[in-house]
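*Asks:* Below is one structure. I have some questions about it.
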Amino acid sequence: MYKVIITAAISGAEVTQEHNPGVPYTKEDFVREAKSAYDAGAALIHLHVRDDDGTPTQSKERFAEIIPAIAEACPGVIIQPSTGGATGMSAAERLQPVELDPEMATLDCGTLNFGGDEIFVNTENMMIEFAEKMKARGIKPELECFEKGHVDLALRLYKQGYLVGPLHFNFVLGVNGGMTATPRDLLFLAESIPEDATFTVSGVGRHQLPMTTMAILLGGHVRVGFEDNIMYDRGILAKSNGELVARAARIIRELNYEVATPDEARAILSLPARK
Ligand code: KMH
Ligand code: ZN
């Protein structure tokens, strides 16, 4: 039976409690949101952290405070810190959580416009630096691709030996500056990666639900959560990350697939088994 990994992106760096009061700021908030997602079926938590006032930070110390608290509340869950952080952060700032040796971390695969005057900078040399650091520490990168050129750049670095297979991609669709969240674009991306690669799909905003469904049908995995979408329905805020995860789990089961446990997710992603 095909098993689908649900990733919960519980906070991100862009949304705030003004957008949705459930967006986590404090350690207790992070534990509450991660646990709601885990209890509903998330095997993987994609993690950005904040200071208590909500300011996004890539501080190693803050990750070192929040990661163990989530791990204790969510036994076995895979915790995947972001190395994307927020736009404007330096590479050194963004790379800090890698020093905590997580099982996985994100690796963003190219620069893109991020709405208005914002630019999310990921040069080829930055990518090589991030990839080399992760490879040296045995951390599996999740390759964040916001458009097709990002996939091509990742494949080039794979050929050059900076990345170790099997690759795992996250197609983030619907960002203002990236590819659109349409069936055509998702199919194009899914057909552009190596046979043995795995992929997750993150649809932004109202695209989360249709992209989740299409990802499952294409043999992929899904990401939901406040980082990408704070609404449950038109005009209705999601009460928690868990509510969004629970809906993804229901869709997976309705389609006659199964929700992967954390250890099943490790096997699917070729991560070493948990000790
Ligand atoms: N916050 C975005 C600028 C990642 O986590 O690696 C980048 C981001 C990607 O969220
Ligand atoms: Zn992120």
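Letters A, B, ... go to the chains of the structure tokens in the order shown; residues in each chain start at 1; ligands are counted from 1 in the same order.
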Residues near Ser11 of chain A, anyone? I mean within 7 Å using only C-alpha atoms, not counting same-chain ones fewer than 6 positions away, as a list in words.

*Replies:* Val23, Pro24, Leu47, His48, Phe226 and Glu227 of chain A

*Asks:* Generate a file of the selected residues that holds C-alpha atoms, formatted as a compact mmCIF listing (two decimals), in the first residue's frame.

*Replies:*
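Saved the output as out04.txt:
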# COMPACT_ATOMS: atom_id res chain seq x y z
CA VAL A 23 0.97 31.06 14.56
CA PRO A 24 3.60 29.95 17.11
CA LEU A 47 10.56 24.20 11.37
CA HIS A 48 11.24 27.93 11.37
CA PHE A 226 0.50 27.82 8.59
CA GLU A 227 3.73 28.59 6.71

*Asks:* Kindly compile the residues surrounding ligand 2 within 8 Å, counting only C-alpha atoms and all ligand atoms, and format them as a ChimeraX atom specification.

*Replies:* /A:9,12-13,46-48,82-85,106,227

*Asks:* Skip Glu103 of chain A itself and residues of its chain fewer than 4 positions away, then list as a VMD selection string all residues within 9 Å of it, counting only C-alpha atoms.

*Replies:* chain A and resid 78 to 80 138 to 141 271 to 272

*Asks:* Write the residues of the selection above to a file with all heavy atoms, as a short mmCIF file (atom, residue, chain, number, x, y, z; two decimals), in the first residue's frame.

*Replies:*
data_model
loop_
_atom_site.label_atom_id
_atom_site.label_comp_id
_atom_site.auth_asym_id
_atom_site.auth_seq_id
_atom_site.Cartn_x
_atom_site.Cartn_y
_atom_site.Cartn_z
N ILE A 78 10.08 13.41 12.66
CA ILE A 78 11.27 13.94 11.97
C ILE A 78 11.18 15.46 12.02
O ILE A 78 10.15 16.03 11.65
CB ILE A 78 11.31 13.47 10.50
CG1 ILE A 78 11.30 11.94 10.41
CG2 ILE A 78 12.52 14.06 9.78
CD1 ILE A 78 11.01 11.39 9.02
N ILE A 79 12.25 16.09 12.49
CA ILE A 79 12.24 17.55 12.58
C ILE A 79 13.24 18.10 11.55
O ILE A 79 14.41 17.72 11.56
CB ILE A 79 12.57 18.03 14.01
CG1 ILE A 79 11.53 17.45 14.99
CG2 ILE A 79 12.58 19.57 14.07
CD1 ILE A 79 11.80 17.75 16.45
N GLN A 80 12.69 18.92 10.70
CA GLN A 80 13.48 19.43 9.56
C GLN A 80 13.59 20.96 9.65
O GLN A 80 12.70 21.69 9.24
CB GLN A 80 12.74 19.05 8.27
CG GLN A 80 13.33 19.57 7.00
CD GLN A 80 12.27 19.61 5.90
OE1 GLN A 80 11.43 20.49 5.84
NE2 GLN A 80 12.28 18.59 5.06
N GLY A 138 26.04 14.43 7.11
CA GLY A 138 25.07 13.34 6.91
C GLY A 138 23.62 13.79 7.07
O GLY A 138 22.75 13.02 7.48
N ILE A 139 23.35 15.04 6.72
CA ILE A 139 21.98 15.59 6.81
C ILE A 139 21.34 15.51 5.44
O ILE A 139 21.93 15.94 4.44
CB ILE A 139 22.02 17.07 7.28
CG1 ILE A 139 22.68 17.18 8.65
CG2 ILE A 139 20.63 17.69 7.27
CD1 ILE A 139 23.04 18.59 9.06
N LYS A 140 20.12 14.95 5.38
CA LYS A 140 19.46 14.86 4.07
C LYS A 140 18.77 16.18 3.73
O LYS A 140 17.90 16.63 4.45
CB LYS A 140 18.44 13.72 4.07
CG LYS A 140 17.67 13.68 2.75
CD LYS A 140 17.27 12.30 2.33
CE LYS A 140 16.64 12.34 0.96
NZ LYS A 140 16.54 11.06 0.34
N PRO A 141 19.14 16.77 2.58
CA PRO A 141 18.46 18.01 2.21
C PRO A 141 17.09 17.75 1.60
O PRO A 141 16.92 16.79 0.84
CB PRO A 141 19.39 18.64 1.16
CG PRO A 141 20.40 17.65 0.81
CD PRO A 141 20.21 16.41 1.65
N LEU A 271 16.25 7.73 4.99
CA LEU A 271 16.97 8.25 6.16
C LEU A 271 17.39 7.07 7.00
O LEU A 271 16.68 6.04 7.00
CB LEU A 271 16.05 9.14 7.01
CG LEU A 271 15.55 10.44 6.40
CD1 LEU A 271 14.52 11.09 7.32
CD2 LEU A 271 16.70 11.39 6.15
N PRO A 272 18.49 7.16 7.72
CA PRO A 272 18.84 6.06 8.61
C PRO A 272 17.70 5.80 9.61
O PRO A 272 17.03 6.75 10.03
CB PRO A 272 20.07 6.59 9.35
CG PRO A 272 20.57 7.74 8.55
CD PRO A 272 19.41 8.29 7.78
#

*Asks:* According to DSSP computed on the backbone, where in segment 50-191 of chain A is there strand (DSSP E or B)? Give the residues as an NGL selection string.

*Replies:* :A and (50 or 56-57 or 78-81 or 104-108 or 112-113 or 119-120 or 140-145 or 168-173 or 176 or 178)

*Asks:* As a ChimeraX atom specification, list the residues of segment 4-243 of chain A assigned to alpha helix (DSSP H) by DSSP on the backbone atoms of this structure.

*Replies:* /A:27-40,60-73,91-95,124-137,148-159,183-190,208-217,241-243

*Asks:* Name the closest residue to Asp233 of chain A among the candidates A:His207, A:Ile251, A:Gly219, A:Val175; distances are taken between atoms, counting only C-alpha atoms.

*Replies:* A:His207

*Asks:* Of the candidates A:Glu14, A:Glu264, A:Asp101, A:Asp39, which one gets nearest to ligand 1 if we count only C-alpha atoms and all ligand atoms?

*Replies:*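 Closest to ligand 1 of all the choices is A:Glu14.
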
*Asks:* Any idea what's packed within 12 Å of Val245 of chain A, counting only C-alpha atoms, ignoring anything in its chain fewer than 6 positions away? Could you give it as a ChimeraX atom specification?

*Replies:* /A:5-10,33-45,208-209,212,222-226,229,232,238-239,251-252,259

*Asks:* With a distance cut-off of 6 Å and only C-alpha atoms, select the neighbouring residues of Leu107 of chain A, excluding the residue or stretch itself and same-chain residues fewer than 4 positions from it, and output the selection as a PDB file with N, CA and C atoms, in the first residue's frame.

*Replies:*
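Saved result, selection_39.pdb, follows:
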ATOM      1  N   PRO A 141      19.144  16.766   2.581  1.00  0.00           N
ATOM      2  CA  PRO A 141      18.459  18.011   2.213  1.00  0.00           C
ATOM      3  C   PRO A 141      17.092  17.750   1.598  1.00  0.00           C
ATOM      4  N   GLU A 142      16.136  18.595   1.956  1.00  0.00           N
ATOM      5  CA  GLU A 142      14.895  18.649   1.182  1.00  0.00           C
ATOM      6  C   GLU A 142      15.093  19.813   0.217  1.00  0.00           C
ATOM      7  N   LEU A 143      15.037  19.510  -1.080  1.00  0.00           N
ATOM      8  CA  LEU A 143      15.358  20.496  -2.112  1.00  0.00           C
ATOM      9  C   LEU A 143      14.129  21.340  -2.422  1.00  0.00           C
ATOM     10  N   GLU A 144      14.150  22.582  -1.941  1.00  0.00           N
ATOM     11  CA  GLU A 144      12.993  23.468  -2.114  1.00  0.00           C
ATOM     12  C   GLU A 144      13.064  24.112  -3.489  1.00  0.00           C
TER      13      GLU A 144
END

*Asks:* Using only C-alpha atoms, which residues sit within 9 Å of Leu189 of chain A once same-chain residues fewer than 6 positions away are excluded, as a short mmCIF file (atom, residue, chain, number, x, y, z; two decimals) with N, CA, C and O atoms, in the first residue's frame?

*Replies:*
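Result went into result.cif, see below:
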data_model
loop_
_atom_site.label_atom_id
_atom_site.label_comp_id
_atom_site.auth_asym_id
_atom_site.auth_seq_id
_atom_site.Cartn_x
_atom_site.Cartn_y
_atom_site.Cartn_z
N GLU A 147 10.36 26.84 -8.79
CA GLU A 147 10.13 26.86 -10.24
C GLU A 147 11.07 25.85 -10.90
O GLU A 147 11.98 25.32 -10.26
N LYS A 148 10.85 25.63 -12.22
CA LYS A 148 11.57 24.56 -12.90
C LYS A 148 13.08 24.78 -12.96
O LYS A 148 13.86 23.82 -12.90
N VAL A 151 14.79 23.16 -10.12
CA VAL A 151 14.95 21.71 -10.25
C VAL A 151 16.19 21.42 -11.11
O VAL A 151 17.03 20.59 -10.76
N PHE A 171 8.19 20.81 -4.01
CA PHE A 171 7.75 21.79 -5.00
C PHE A 171 6.83 22.78 -4.30
O PHE A 171 5.74 22.39 -3.85
#

*Asks:* Pick from A:Cys74, A:Val164, A:Leu155, A:Val204: nearest to ligand 1, with only C-alpha atoms and all ligand atoms counted?

*Replies:*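 The shortest atom-to-atom distance to ligand 1 comes from A:Val204.
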
*Asks:* With distances taken over only C-alpha atoms and all ligand atoms, which of A:Leu237, A:Met104, A:Ile66, A:Ala190 is nearest to ligand 1?

*Replies:*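 Among A:Leu237, A:Met104, A:Ile66, A:Ala190, it is A:Met104 that comes nearest to ligand 1.
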
*Asks:* Could you tell me which of A:Leu244, A:Phe188, A:Gly205, A:Lys159 comes closest to Gly174 of chain A if we count only C-alpha atoms?

*Replies:*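 Between A:Leu244, A:Phe188, A:Gly205, A:Lys159, the residue approaching Gly174 of chain A most closely is A:Gly205.
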
*Asks:* Just want the 12 Å neighbourhood of Tyr158 of chain A, counted on only C-alpha atoms, with same-chain residues fewer than 3 positions away dropped. Output as a ChimeraX atom specification.

*Replies:* /A:109,127-128,131-132,135,141,143,151-155,161-168,193-194,197

*Asks:* Choose the residue, out of A:Asn113, A:Thr26, A:Ser270, A:Asn20, that has the smallest atom-to-atom separation from ligand 1; count only C-alpha atoms and all ligand atoms.

*Replies:*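 For ligand 1, the nearest of the given residues is A:Asn113.
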
*Asks:* By how many Å are atom CA of Val121 of chain A and atom CA of Val201 of chain A apart?

*Replies:*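 We find that atom CA of Val121 of chain A and atom CA of Val201 of chain A lie 21.2 Å from each other.
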